[in-house]
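Structure file upload_38.cif (mmCIF, C-alpha atoms) follows.
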data_my_file
#
loop_
_atom_site.label_atom_id
_atom_site.label_comp_id
_atom_site.auth_asym_id
_atom_site.auth_seq_id
_atom_site.Cartn_x
_atom_site.Cartn_y
_atom_site.Cartn_z
CA MET A 13 162.95 -101.38 74.83
CA LEU A 14 160.21 -101.48 77.42
CA ARG A 15 161.20 -100.15 80.80
CA ARG A 16 160.29 -102.34 83.71
CA TRP A 17 158.29 -101.16 86.68
CA GLY A 18 156.92 -102.70 89.81
CA ILE A 19 155.31 -102.35 93.18
CA LEU A 20 156.90 -100.33 95.93
CA ALA A 21 156.32 -102.96 98.56
CA ALA A 22 159.42 -102.80 100.72
CA LEU A 23 163.17 -102.98 100.73
CA ALA A 24 162.71 -106.62 101.52
CA VAL A 25 159.68 -108.74 100.69
CA VAL A 26 157.03 -108.63 103.40
CA VAL A 27 157.55 -111.51 105.77
CA PRO A 28 155.18 -113.46 108.04
CA PHE A 29 154.49 -111.73 111.33
CA ALA A 30 155.37 -113.95 114.26
CA PRO A 31 153.76 -117.06 112.75
CA PRO A 32 151.36 -118.27 113.83
CA ALA A 33 150.26 -114.72 114.70
CA HIS A 34 147.52 -114.53 117.28
CA ALA A 35 145.00 -111.76 116.75
CA ASP A 36 145.69 -110.06 120.09
CA THR A 37 149.38 -109.92 119.15
CA VAL A 38 148.43 -108.22 115.90
CA ARG A 39 146.25 -105.63 117.64
CA ASP A 40 148.97 -104.96 120.20
CA ALA A 41 151.49 -104.40 117.40
CA THR A 42 149.29 -102.11 115.30
CA MET A 43 147.68 -99.82 117.85
CA PRO A 44 150.87 -97.89 118.78
CA VAL A 45 151.26 -96.89 115.13
CA LEU A 46 147.65 -95.72 114.92
CA GLU A 47 148.06 -93.83 118.18
CA SER A 48 151.16 -92.07 116.84
CA LEU A 49 148.96 -90.77 114.02
CA ASN A 50 146.18 -89.68 116.41
CA VAL A 51 143.79 -92.12 114.73
CA PRO A 52 141.85 -93.32 117.82
CA ARG A 53 141.07 -89.69 118.65
CA ALA A 54 140.02 -89.12 115.03
CA TRP A 55 137.49 -91.94 115.36
CA THR A 56 135.45 -89.70 117.68
CA LEU A 57 134.75 -87.62 114.56
CA SER A 58 134.84 -90.09 111.68
CA ARG A 59 135.40 -93.78 110.98
CA GLY A 60 135.07 -93.64 107.21
CA ARG A 61 131.40 -94.56 106.85
CA GLY A 62 129.97 -93.93 103.40
CA VAL A 63 133.36 -93.65 101.67
CA THR A 64 134.84 -95.99 99.05
CA VAL A 65 138.60 -96.36 98.76
CA ALA A 66 139.83 -97.97 95.57
CA VAL A 67 142.90 -100.14 96.17
CA LEU A 68 144.80 -100.50 92.89
CA ASP A 69 147.26 -103.24 93.67
CA SER A 70 147.88 -106.98 93.36
CA GLY A 71 144.34 -107.82 94.45
CA VAL A 72 142.56 -108.07 97.79
CA ASP A 73 141.31 -111.24 99.51
CA PRO A 74 137.66 -110.46 100.36
CA THR A 75 137.49 -113.46 102.70
CA GLN A 76 140.24 -112.20 105.00
CA ALA A 77 138.67 -112.03 108.46
CA ASP A 78 139.49 -108.35 109.03
CA LEU A 79 138.05 -107.34 105.64
CA VAL A 80 134.97 -109.54 105.26
CA GLY A 81 131.98 -107.56 104.08
CA SER A 82 134.00 -104.48 103.15
CA VAL A 83 135.47 -105.48 99.77
CA THR A 84 134.00 -105.22 96.28
CA VAL A 85 136.20 -107.01 93.76
CA GLY A 86 136.58 -105.22 90.44
CA PRO A 87 138.31 -106.19 87.19
CA ASP A 88 141.65 -108.00 87.00
CA TYR A 89 143.68 -106.06 84.44
CA THR A 90 146.59 -108.50 84.74
CA ARG A 91 144.66 -111.46 83.38
CA GLY A 92 146.92 -113.70 81.31
CA ALA A 93 150.19 -112.55 82.92
CA ASN A 94 150.47 -115.68 85.09
CA PRO A 95 150.60 -119.17 83.56
CA PRO A 96 147.21 -120.87 83.14
CA GLY A 97 145.81 -122.24 86.37
CA VAL A 98 147.93 -120.04 88.66
CA ALA A 99 145.76 -118.09 91.09
CA PRO A 100 146.69 -114.52 92.14
CA LYS A 101 148.48 -114.31 95.51
CA ARG A 102 146.95 -110.93 96.44
CA LEU A 103 149.43 -110.44 99.28
CA HIS A 104 150.51 -106.83 98.79
CA GLY A 105 147.00 -105.60 98.00
CA THR A 106 145.41 -107.34 100.98
CA ASN A 107 148.12 -105.90 103.21
CA MET A 108 147.40 -102.34 102.04
CA ALA A 109 143.64 -102.81 102.26
CA SER A 110 143.88 -103.90 105.89
CA ILE A 111 145.90 -100.80 106.82
CA ILE A 112 143.32 -98.57 105.16
CA ALA A 113 140.08 -100.17 106.31
CA GLY A 114 140.62 -103.29 108.39
CA HIS A 115 137.75 -103.66 110.88
CA GLY A 116 139.06 -106.50 113.02
CA HIS A 117 137.17 -109.67 113.82
CA GLY A 118 135.95 -111.76 116.73
CA PRO A 119 133.79 -110.59 119.64
CA GLY A 120 133.48 -106.82 119.43
CA ASN A 121 135.98 -106.87 116.56
CA ALA A 122 138.65 -106.81 119.25
CA ASP A 123 141.07 -109.07 117.36
CA GLY A 124 143.19 -108.59 114.25
CA MET A 125 143.82 -105.53 112.10
CA MET A 126 142.09 -102.25 112.75
CA GLY A 127 142.71 -99.88 109.87
CA VAL A 128 142.60 -96.11 109.82
CA ALA A 129 139.06 -95.97 108.38
CA PRO A 130 137.42 -99.21 109.59
CA GLU A 131 133.94 -98.35 108.29
CA ALA A 132 135.07 -97.45 104.76
CA ARG A 133 134.34 -99.72 101.84
CA LEU A 134 137.05 -101.01 99.51
CA LEU A 135 137.05 -101.43 95.75
CA ALA A 136 139.80 -103.90 94.83
CA LEU A 137 141.32 -103.64 91.36
CA ARG A 138 144.20 -105.89 90.34
CA VAL A 139 146.63 -103.86 88.24
CA ILE A 140 149.98 -105.45 89.23
CA LEU A 141 151.37 -108.83 90.30
CA ASP A 142 153.09 -109.68 93.56
CA ARG A 143 156.85 -110.02 93.15
CA ASP A 144 156.92 -113.76 93.75
CA GLU A 145 154.16 -114.61 91.28
CA PRO A 146 155.51 -116.60 88.31
CA GLY A 147 154.35 -114.02 85.78
CA PHE A 148 155.87 -110.99 87.51
CA ALA A 149 159.03 -110.72 85.42
CA SER A 150 157.29 -110.96 82.07
CA PHE A 151 154.43 -108.71 83.24
CA GLY A 152 156.82 -105.80 83.80
CA GLY A 153 158.09 -105.90 80.24
CA ASP A 154 154.92 -106.76 78.32
CA SER A 155 153.33 -103.87 76.42
CA ARG A 156 149.89 -105.45 76.88
CA TYR A 157 149.98 -104.38 80.51
CA GLU A 158 151.39 -100.88 80.04
CA GLY A 159 148.04 -99.25 80.75
CA THR A 160 146.76 -101.26 83.71
CA ILE A 161 147.14 -98.44 86.24
CA ALA A 162 145.43 -95.89 84.01
CA GLN A 163 142.60 -98.33 83.33
CA GLY A 164 142.21 -99.01 87.02
CA ILE A 165 142.10 -95.31 87.90
CA ARG A 166 139.37 -94.62 85.35
CA TYR A 167 137.33 -97.62 86.47
CA ALA A 168 137.60 -96.52 90.10
CA VAL A 169 136.49 -92.99 89.30
CA ASP A 170 133.56 -94.17 87.20
CA HIS A 171 132.42 -96.63 89.90
CA GLY A 172 132.14 -94.32 92.85
CA ALA A 173 135.58 -94.19 94.46
CA ASP A 174 136.17 -91.23 96.78
CA VAL A 175 139.85 -92.01 97.36
CA ILE A 176 142.32 -93.98 95.22
CA ASN A 177 145.27 -95.70 96.91
CA LEU A 178 148.31 -96.35 94.70
CA SER A 179 150.95 -98.15 96.76
CA LEU A 180 152.92 -98.72 93.56
CA GLY A 181 154.75 -96.84 90.85
CA ARG A 182 157.47 -96.65 88.23
CA THR A 183 160.26 -94.26 87.37
CA TYR A 184 158.77 -92.84 84.17
CA PRO A 185 155.44 -91.18 83.40
CA THR A 186 152.92 -92.19 80.77
CA ARG A 187 150.38 -89.96 79.11
CA ALA A 188 147.57 -92.41 79.85
CA GLU A 189 148.29 -92.31 83.59
CA ARG A 190 148.65 -88.54 83.66
CA GLU A 191 145.29 -88.14 81.93
CA ALA A 192 143.67 -90.72 84.20
CA VAL A 193 144.90 -88.88 87.29
CA ALA A 194 143.60 -85.60 85.87
CA HIS A 195 140.25 -87.31 85.23
CA ALA A 196 140.12 -88.47 88.84
CA ILE A 197 140.93 -85.08 90.33
CA ARG A 198 138.53 -83.35 87.97
CA ARG A 199 135.79 -85.68 89.24
CA GLY A 200 136.63 -84.87 92.87
CA VAL A 201 138.53 -88.05 93.73
CA VAL A 202 141.52 -87.85 96.11
CA VAL A 203 144.56 -89.67 94.69
CA VAL A 204 147.28 -90.89 97.08
CA ALA A 205 150.46 -92.61 95.83
CA ALA A 206 153.80 -93.92 97.08
CA ALA A 207 156.84 -91.67 96.70
CA GLY A 208 159.09 -94.68 96.09
CA ASN A 209 161.79 -96.73 97.77
CA GLY A 210 164.88 -95.55 95.88
CA GLY A 211 166.28 -93.33 98.60
CA ALA A 212 169.09 -95.72 99.46
CA ALA A 213 170.34 -95.99 95.88
CA GLY A 214 173.81 -94.62 95.16
CA ARG A 215 172.56 -91.91 92.83
CA ALA A 216 170.06 -90.69 95.42
CA ARG A 217 172.68 -90.63 98.18
CA ARG A 218 175.17 -88.70 96.05
CA GLY A 219 172.72 -86.12 94.77
CA GLY A 220 170.36 -85.96 97.75
CA HIS A 221 167.42 -86.23 95.35
CA ALA A 222 165.91 -89.54 94.19
CA VAL A 223 164.33 -90.01 90.79
CA PHE A 224 160.67 -89.10 90.56
CA THR A 225 158.13 -91.89 90.80
CA TYR A 226 154.82 -91.98 88.97
CA PRO A 227 151.86 -91.65 89.46
CA ALA A 228 153.02 -90.06 92.76
CA SER A 229 154.78 -87.17 91.03
CA PHE A 230 151.86 -86.07 88.86
CA PRO A 231 150.32 -82.72 89.88
CA GLY A 232 147.45 -83.08 92.32
CA VAL A 233 148.55 -86.44 93.74
CA ILE A 234 149.43 -86.75 97.44
CA SER A 235 152.91 -88.27 97.25
CA VAL A 236 153.73 -90.10 100.49
CA ALA A 237 157.18 -90.74 101.96
CA ALA A 238 158.00 -93.12 104.83
CA VAL A 239 159.26 -92.36 108.32
CA ASP A 240 160.43 -94.65 111.10
CA ALA A 241 158.85 -95.15 114.51
CA ARG A 242 160.53 -91.99 115.83
CA GLY A 243 159.24 -89.88 112.98
CA GLY A 244 162.59 -89.62 111.21
CA HIS A 245 163.02 -90.09 107.47
CA ALA A 246 163.33 -93.77 106.53
CA GLY A 247 166.56 -94.21 104.58
CA PHE A 248 164.96 -96.16 101.74
CA SER A 249 162.25 -93.54 101.15
CA ASN A 250 162.69 -91.26 98.14
CA ARG A 251 163.74 -87.67 98.65
CA ASN A 252 162.38 -85.38 95.96
CA SER A 253 160.30 -82.25 95.52
CA ALA A 254 157.13 -84.23 94.75
CA VAL A 255 156.87 -85.53 98.34
CA VAL A 256 153.85 -83.99 100.07
CA VAL A 257 153.58 -85.71 103.45
CA SER A 258 154.92 -88.74 105.32
CA ALA A 259 153.64 -91.62 107.43
CA PRO A 260 155.07 -94.71 109.18
CA GLY A 261 156.70 -97.20 106.83
CA VAL A 262 159.09 -99.31 108.92
CA ARG A 263 158.10 -102.73 110.28
CA ILE A 264 154.41 -102.17 109.60
CA VAL A 265 152.04 -105.07 110.31
CA GLY A 266 149.23 -105.85 107.89
CA ALA A 267 146.88 -108.69 107.04
CA GLY A 268 147.55 -111.16 104.26
CA PRO A 269 145.37 -113.62 102.35
CA GLY A 270 143.73 -116.19 104.56
CA ASP A 271 144.33 -115.61 108.24
CA ARG A 272 148.01 -114.73 108.17
CA TYR A 273 149.65 -111.42 109.04
CA TRP A 274 152.79 -109.92 107.57
CA VAL A 275 155.28 -107.20 108.39
CA GLY A 276 157.20 -105.06 105.91
CA ASP A 277 158.91 -101.77 105.17
CA GLY A 278 158.21 -99.27 102.44
CA THR A 279 156.37 -96.23 101.20
CA SER A 280 153.50 -98.59 100.35
CA PRO A 281 152.13 -98.89 103.91
CA ALA A 282 152.85 -95.19 104.48
CA THR A 283 150.60 -94.44 101.51
CA ALA A 284 147.85 -96.68 102.90
CA PHE A 285 147.86 -94.74 106.18
CA VAL A 286 147.39 -91.44 104.35
CA SER A 287 144.63 -92.89 102.16
CA GLY A 288 142.88 -93.92 105.35
CA VAL A 289 143.12 -90.36 106.69
CA ALA A 290 141.77 -89.01 103.39
CA ALA A 291 138.84 -91.43 103.76
CA LEU A 292 138.09 -90.10 107.25
CA ILE A 293 138.04 -86.57 105.86
CA ARG A 294 135.80 -87.40 102.90
CA SER A 295 133.42 -89.24 105.20
CA ARG A 296 133.08 -86.20 107.46
CA HIS A 297 133.11 -83.68 104.59
CA PRO A 298 131.89 -85.45 101.43
CA GLY A 299 132.06 -82.43 99.15
CA LEU A 300 135.52 -81.22 100.11
CA PRO A 301 137.59 -80.93 96.90
CA PRO A 302 140.82 -82.96 96.57
CA ALA A 303 142.98 -79.83 96.82
CA LEU A 304 141.41 -78.92 100.16
CA VAL A 305 141.75 -82.50 101.44
CA THR A 306 145.45 -82.22 100.62
CA GLN A 307 145.63 -78.84 102.33
CA ALA A 308 143.96 -80.22 105.45
CA ILE A 309 146.47 -83.07 105.61
CA THR A 310 149.55 -80.90 105.00
CA ALA A 311 148.56 -77.90 107.14
CA SER A 312 147.92 -80.15 110.14
CA ALA A 313 150.97 -82.41 109.84
CA GLN A 314 153.04 -83.02 112.96
CA ARG A 315 156.83 -83.12 113.32
CA ARG A 316 157.17 -80.43 110.70
CA PRO A 317 160.76 -80.12 109.44
CA PRO A 318 162.81 -76.94 109.92
CA GLY A 319 161.61 -74.36 107.43
CA GLY A 320 158.26 -76.10 107.10
CA TYR A 321 159.16 -78.46 104.25
CA ASP A 322 161.74 -81.14 103.51
CA LEU A 323 162.35 -83.31 100.45
CA GLY A 324 162.37 -86.43 102.63
CA VAL A 325 159.25 -85.99 104.77
CA GLY A 326 157.32 -83.29 102.92
CA PHE A 327 155.33 -81.06 105.27
CA GLY A 328 155.66 -83.59 108.08
CA ARG A 329 153.98 -86.71 109.44
CA VAL A 330 150.24 -87.01 108.98
CA ASP A 331 147.98 -86.44 112.01
CA ALA A 332 144.48 -87.88 111.52
CA TYR A 333 142.67 -85.91 114.21
CA ALA A 334 144.34 -82.61 113.37
CA ALA A 335 143.60 -83.19 109.67
CA LEU A 336 139.90 -83.62 110.46
CA ARG A 337 139.89 -80.42 112.49
CA GLU A 338 141.61 -78.52 109.68
CA ALA A 339 139.20 -80.01 107.13
CA ALA A 340 136.28 -78.74 109.23
CA ARG A 341 137.78 -75.26 109.17
CA LEU A 342 138.25 -75.36 105.41
CA ALA A 343 134.78 -76.80 104.81
CA GLY A 344 133.27 -74.06 106.96
CA ALA A 345 134.84 -71.25 104.96
CA ARG A 346 132.36 -69.20 102.97
CA ALA A 347 132.97 -67.19 99.82
CA GLU A 348 130.20 -64.62 100.46
CA GLY A 349 131.55 -61.09 100.41
CA LEU A 350 134.87 -62.11 98.88
CA GLY A 351 133.97 -60.93 95.41
CA LEU A 352 131.17 -59.69 93.18
CA PRO A 353 128.44 -61.75 91.54
CA GLY A 354 129.09 -62.66 87.94
CA GLU A 355 126.54 -60.15 86.63
CA ARG A 356 128.16 -57.16 88.39
CA ARG A 357 131.19 -55.09 87.44
CA PHE A 358 133.83 -53.32 89.49
CA THR A 359 132.99 -49.97 87.83
CA GLY A 360 129.68 -48.18 87.70
CA GLU A 361 129.82 -47.42 83.99
CA ASP A 362 129.22 -49.82 81.15
CA PRO A 363 132.39 -50.59 79.21
CA GLU A 364 132.79 -48.96 75.81
CA PRO A 365 132.76 -51.13 72.69
CA VAL A 366 136.15 -52.47 71.68
CA ARG A 367 137.48 -50.45 68.76
CA VAL A 368 138.63 -52.47 65.77
CA VAL A 369 141.31 -50.71 63.72
CA HIS A 370 141.59 -51.74 60.08
CA ARG A 371 145.01 -51.39 58.48
CA ASP A 372 145.83 -51.11 54.77
CA GLY A 373 147.53 -54.37 53.82
CA GLY A 374 149.35 -52.74 50.86
CA LEU A 375 150.66 -49.95 53.05
CA ILE A 376 151.97 -52.43 55.64
CA THR A 377 153.78 -54.34 52.89
CA ALA A 378 155.33 -51.09 51.57
CA TYR A 379 156.55 -50.21 55.05
CA ALA A 380 158.10 -53.67 55.45
CA VAL A 381 159.91 -53.43 52.09
CA ALA A 382 161.20 -49.93 52.91
CA CYS A 383 162.54 -51.14 56.27
CA LEU A 384 164.25 -54.07 54.57
CA ILE A 385 165.92 -51.80 51.98
CA ALA A 386 167.02 -49.36 54.67
CA GLY A 387 168.46 -52.17 56.75
CA THR A 388 170.35 -53.55 53.78
CA GLY A 389 171.73 -50.12 52.94
CA LEU A 390 172.89 -49.60 56.52
CA ALA A 391 174.66 -52.95 56.55
CA THR A 392 176.39 -52.11 53.23
CA ALA A 393 177.51 -48.72 54.49
CA LEU A 394 178.98 -50.20 57.65
CA THR A 395 180.87 -52.77 55.59
CA ILE A 396 182.38 -50.07 53.29
CA LEU A 397 183.33 -47.93 56.30
CA ALA A 398 185.06 -50.87 57.97
CA ARG A 399 187.09 -51.62 54.81
CA ALA A 400 188.06 -47.97 54.44
CA ARG A 401 189.38 -47.90 58.01
CA ARG A 402 191.42 -51.07 57.45
CA SER A 403 192.94 -49.72 54.18
CA GLY A 404 193.86 -46.42 55.82
CA ARG A 405 196.02 -48.12 58.42
#

Could I get this structure in the form of structure tokens?
Amino acid sequence: MLRRWGILAALAVVVPFAPPAHADTVRDATMPVLESLNVPRAWTLSRGRGVTVAVLDSGVDPTQADLVGSVTVGPDYTRGANPPGVAPKRLHGTNMASIIAGHGHGPGNADGMMGVAPEARLLALRVILDRDEPGFASFGGDSRYEGTIAQGIRYAVDHGADVINLSLGRTYPTRAEREAVAHAIRRGVVVVAAAGNGGAAGRARRGGHAVFTYPASFPGVISVAAVDARGGHAGFSNRNSAVVVSAPGVRIVGAGPGDRYWVGDGTSPATAFVSGVAALIRSRHPGLPPALVTQAITASAQRRPPGGYDLGVGFGRVDAYAALREAARLAGARAEGLGLPGERRFTGEDPEPVRVVHRDGGLITAYAVACLIAGTGLATALTILARARRSGR
């Protein structure tokens, strides 16, 4: 039986934000969150220019005012899941895209959503359906769509993505996704994914450890948990050893299709914040490998838990400015003097040729047979001795 999977949007479906939401209200609601992550200060160093973030989700509305001019629409891997004539809603994907790279609108772009990396470009790939689309239920159990995430990852890598945002997941791994993630990391692409929203489930509460979510739990992926406005672990957010870092995920405002704005909870928006920070880093340091981008984000995290790591919040809450500073330190490190060139050896003398010892196959066989006979004789003698002792009693 096919196991169902779905997006990690929120504990409750995202809902309209103070409709009709005026743009200044949106900016007022979003800036405190960005300030808590030190994003405005990070903009003095990087705004994401030259970086492409692939948003693998339910689709992105390229006409949304805060995203106009920033979105390239890629393939729709869900084609055929909805009934004929039903257009994609693209709510969840547009919401995530605006958190990552919204640039606002109006005079001076002073209105609407300002994302973490407002000058980054977005590559939108539709790999899932929104929960309230008519084809959602059948999509989750149809083998035709088993590989949409893996296909999307490979397309993103092969079409210039620097960062891949995966605000989605399921509770079981697939080989195709694992190999696609490995392909991305091997090609220098930073992969960021949602840790999951199963933290409030009974099993997670009893054991203190939620099930792993994929692709977030694959090696090399930055698995993101959610925290509340005070920086504490959000109860719905998964606790497990795959969690790397955390970001705000409670009552987060984001743009939706058209000119509407929505608010929701989940590890999905938390993931989008971290993808935005990764975009800032890759813009400032284009050649920094994914592992060092991860190190910059984790080493600079704020509100670090006691002991330095916690299953619920990872290494702490992401700090955009501090991550950029740490990335600069890592990028400035030099390997000169830390080893020898490949043509040099640690000793002054040339190594001697490896000696190959040839053994007589017949002699080896004779030794094996002799050992077998001796072992059999020993076992027989022990058996006779044991019987003699029993009969003498």

Check: For Gly164 (chain A), which of A:Leu141, A:Ala192, A:Val330, A:Leu342 is the closest residue, counting only C-alpha atoms?
Finding: A:Ala192

Notebook entry, point to check: Which residue out of A:Arg187, A:Arg316, A:His104, A:Arg296 has the minimum interatomic distance to Asp277 (chain A) when only C-alpha atoms are used?
Noted result: A:His104

Check: So which residues are close to (149.1, -104.0, 115.5), meaning at most 12 Å away in the file's coordinates with only C-alpha atoms counted, and can you show them as JSON, numbers by chain?
Finding: {"A": [29, 30, 33, 34, 35, 36, 37, 38, 39, 40, 41, 42, 43, 44, 45, 46, 47, 110, 111, 114, 116, 122, 123, 124, 125, 126, 127, 128, 263, 264, 265, 266, 267, 273, 274, 275]}

Near region 254-257 of chain A, 8 Å: region 310-332 of chain A residue rows, closest pairs, all atoms listed in the file, as CSV:
residue,atom,partner,partner_atom,distance
A:Thr310,CA,A:Val257,CA,6.5
A:Ala313,CA,A:Val257,CA,7.7
A:Leu323,CA,A:Val255,CA,6.3
A:Gly324,CA,A:Val255,CA,7.0
A:Val325,CA,A:Val257,CA,5.8
A:Gly326,CA,A:Val257,CA,4.5
A:Phe327,CA,A:Val257,CA,5.3
A:Gly328,CA,A:Val257,CA,5.5
A:Arg329,CA,A:Val257,CA,6.1
A:Val330,CA,A:Val257,CA,6.6

Checklist line | Nearest residue to Ala77 (chain A) from the set A:Arg272, A:Asp240, A:Ile165, A:Ser179 (distances using all atoms listed in the file) | finding: A:Arg272

Note to self: Show me, as a VMD selection string, the residues that have an atom within 9 Å of Ala259 (chain A) when counting all atoms listed in the file, minus same-chain residues fewer than 5 positions from it.
What the structure shows: chain A and resid 49 236 to 240 243 279 281 to 286 325 328 to 331

Would you mind exporting the chosen residues as a CSV table (one decimal), keeping the file's coordinate frame, restricted to C-alpha atoms?
chain,number,residue,atom,x,y,z
A,49,LEU,CA,149.0,-90.8,114.0
A,236,VAL,CA,153.7,-90.1,100.5
A,237,ALA,CA,157.2,-90.7,102.0
A,238,ALA,CA,158.0,-93.1,104.8
A,239,VAL,CA,159.3,-92.4,108.3
A,240,ASP,CA,160.4,-94.6,111.1
A,243,GLY,CA,159.2,-89.9,113.0
A,279,THR,CA,156.4,-96.2,101.2
A,281,PRO,CA,152.1,-98.9,103.9
A,282,ALA,CA,152.8,-95.2,104.5
A,283,THR,CA,150.6,-94.4,101.5
A,284,ALA,CA,147.8,-96.7,102.9
A,285,PHE,CA,147.9,-94.7,106.2
A,286,VAL,CA,147.4,-91.4,104.4
A,325,VAL,CA,159.2,-86.0,104.8
A,328,GLY,CA,155.7,-83.6,108.1
A,329,ARG,CA,154.0,-86.7,109.4
A,330,VAL,CA,150.2,-87.0,109.0
A,331,ASP,CA,148.0,-86.4,112.0

Next item on the list: Given the file shown, determine the residues that the PyMOL selection byres ((chain A and resi 134) around 9) selects; report them as a list in words.
Entry: Val63, Thr64, Val65, Ala66, Val67, Leu79, Ser82, Val83, Thr84, Val85, Ala109, Ile112, Ala113, Ala132, Arg133, Leu135, Ala136 and Ala173 of chain A

Checklist line | Evaluate the PyMOL selection byres ((chain A and resi 174) around 12) and report residues as a ChimeraX atom specification | finding: /A:60-67,132-135,165,168-173,175-177,196-197,199-204,287-288,290-295,297-302,305

Please produce an output containing C-alpha atoms for each residue in the selection, written as a compact mmCIF listing (two decimals), keeping the file's coordinate frame.
# COMPACT_ATOMS: atom_id res chain seq x y z
CA GLY A 60 135.07 -93.64 107.21
CA ARG A 61 131.40 -94.56 106.85
CA GLY A 62 129.97 -93.93 103.40
CA VAL A 63 133.36 -93.65 101.67
CA THR A 64 134.84 -95.99 99.05
CA VAL A 65 138.60 -96.36 98.76
CA ALA A 66 139.83 -97.97 95.57
CA VAL A 67 142.90 -100.14 96.17
CA ALA A 132 135.07 -97.45 104.76
CA ARG A 133 134.34 -99.72 101.84
CA LEU A 134 137.05 -101.01 99.51
CA LEU A 135 137.05 -101.43 95.75
CA ILE A 165 142.10 -95.31 87.90
CA ALA A 168 137.60 -96.52 90.10
CA VAL A 169 136.49 -92.99 89.30
CA ASP A 170 133.56 -94.17 87.20
CA HIS A 171 132.42 -96.63 89.90
CA GLY A 172 132.14 -94.32 92.85
CA ALA A 173 135.58 -94.19 94.46
CA VAL A 175 139.85 -92.01 97.36
CA ILE A 176 142.32 -93.98 95.22
CA ASN A 177 145.27 -95.70 96.91
CA ALA A 196 140.12 -88.47 88.84
CA ILE A 197 140.93 -85.08 90.33
CA ARG A 199 135.79 -85.68 89.24
CA GLY A 200 136.63 -84.87 92.87
CA VAL A 201 138.53 -88.05 93.73
CA VAL A 202 141.52 -87.85 96.11
CA VAL A 203 144.56 -89.67 94.69
CA VAL A 204 147.28 -90.89 97.08
CA SER A 287 144.63 -92.89 102.16
CA GLY A 288 142.88 -93.92 105.35
CA ALA A 290 141.77 -89.01 103.39
CA ALA A 291 138.84 -91.43 103.76
CA LEU A 292 138.09 -90.10 107.25
CA ILE A 293 138.04 -86.57 105.86
CA ARG A 294 135.80 -87.40 102.90
CA SER A 295 133.42 -89.24 105.20
CA HIS A 297 133.11 -83.68 104.59
CA PRO A 298 131.89 -85.45 101.43
CA GLY A 299 132.06 -82.43 99.15
CA LEU A 300 135.52 -81.22 100.11
CA PRO A 301 137.59 -80.93 96.90
CA PRO A 302 140.82 -82.96 96.57
CA VAL A 305 141.75 -82.50 101.44

Next item on the list: Could you list the residues chosen by the PyMOL selection byres ((chain A and resi 151) around 12) in this structure as a PyMOL selection string?
Entry: chain A and resi 14-19+89-95+139-150+152-160

Margin query: For a test of reading the model, state the distance in Å between CA of Gly268 (chain A) and CA of His115 (chain A), rounded to one decimal.
Written below: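 A separation of 14.0 Å between them.
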
Check: What is the distance between CA of Asn209 (chain A) and CA of Gly181 (chain A), in Å to one decimal?
Finding: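 We find that CA of Asn209 (chain A) and CA of Gly181 (chain A) lie 9.9 Å from each other.
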
For region 244-249 of chain A, take all atoms listed in the file, fit an axis-aligned box around them, add 3 Å to each of the six sides, then output centre and edge lengths in Å rounded to one decimal, as lines of an AutoDock Vina configuration file.
center_x = 164.4
center_y = -92.9
center_z = 106.2
size_x = 10.3
size_y = 12.5
size_z = 16.1

Checklist line | Residue with smallest distance to Lys101 (chain A) - pool A:Ala206, A:Val368, A:Leu304, A:Val72, counting all atoms listed in the file | finding: A:Val72

Next item on the list: Have a look at A:Leu68, A:Ala332, A:Gly210, A:Leu103 and name the one nearest to Pro227 (chain A); count all atoms listed in the file.
Entry: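 Nearest to Pro227 (chain A): A:Leu68.
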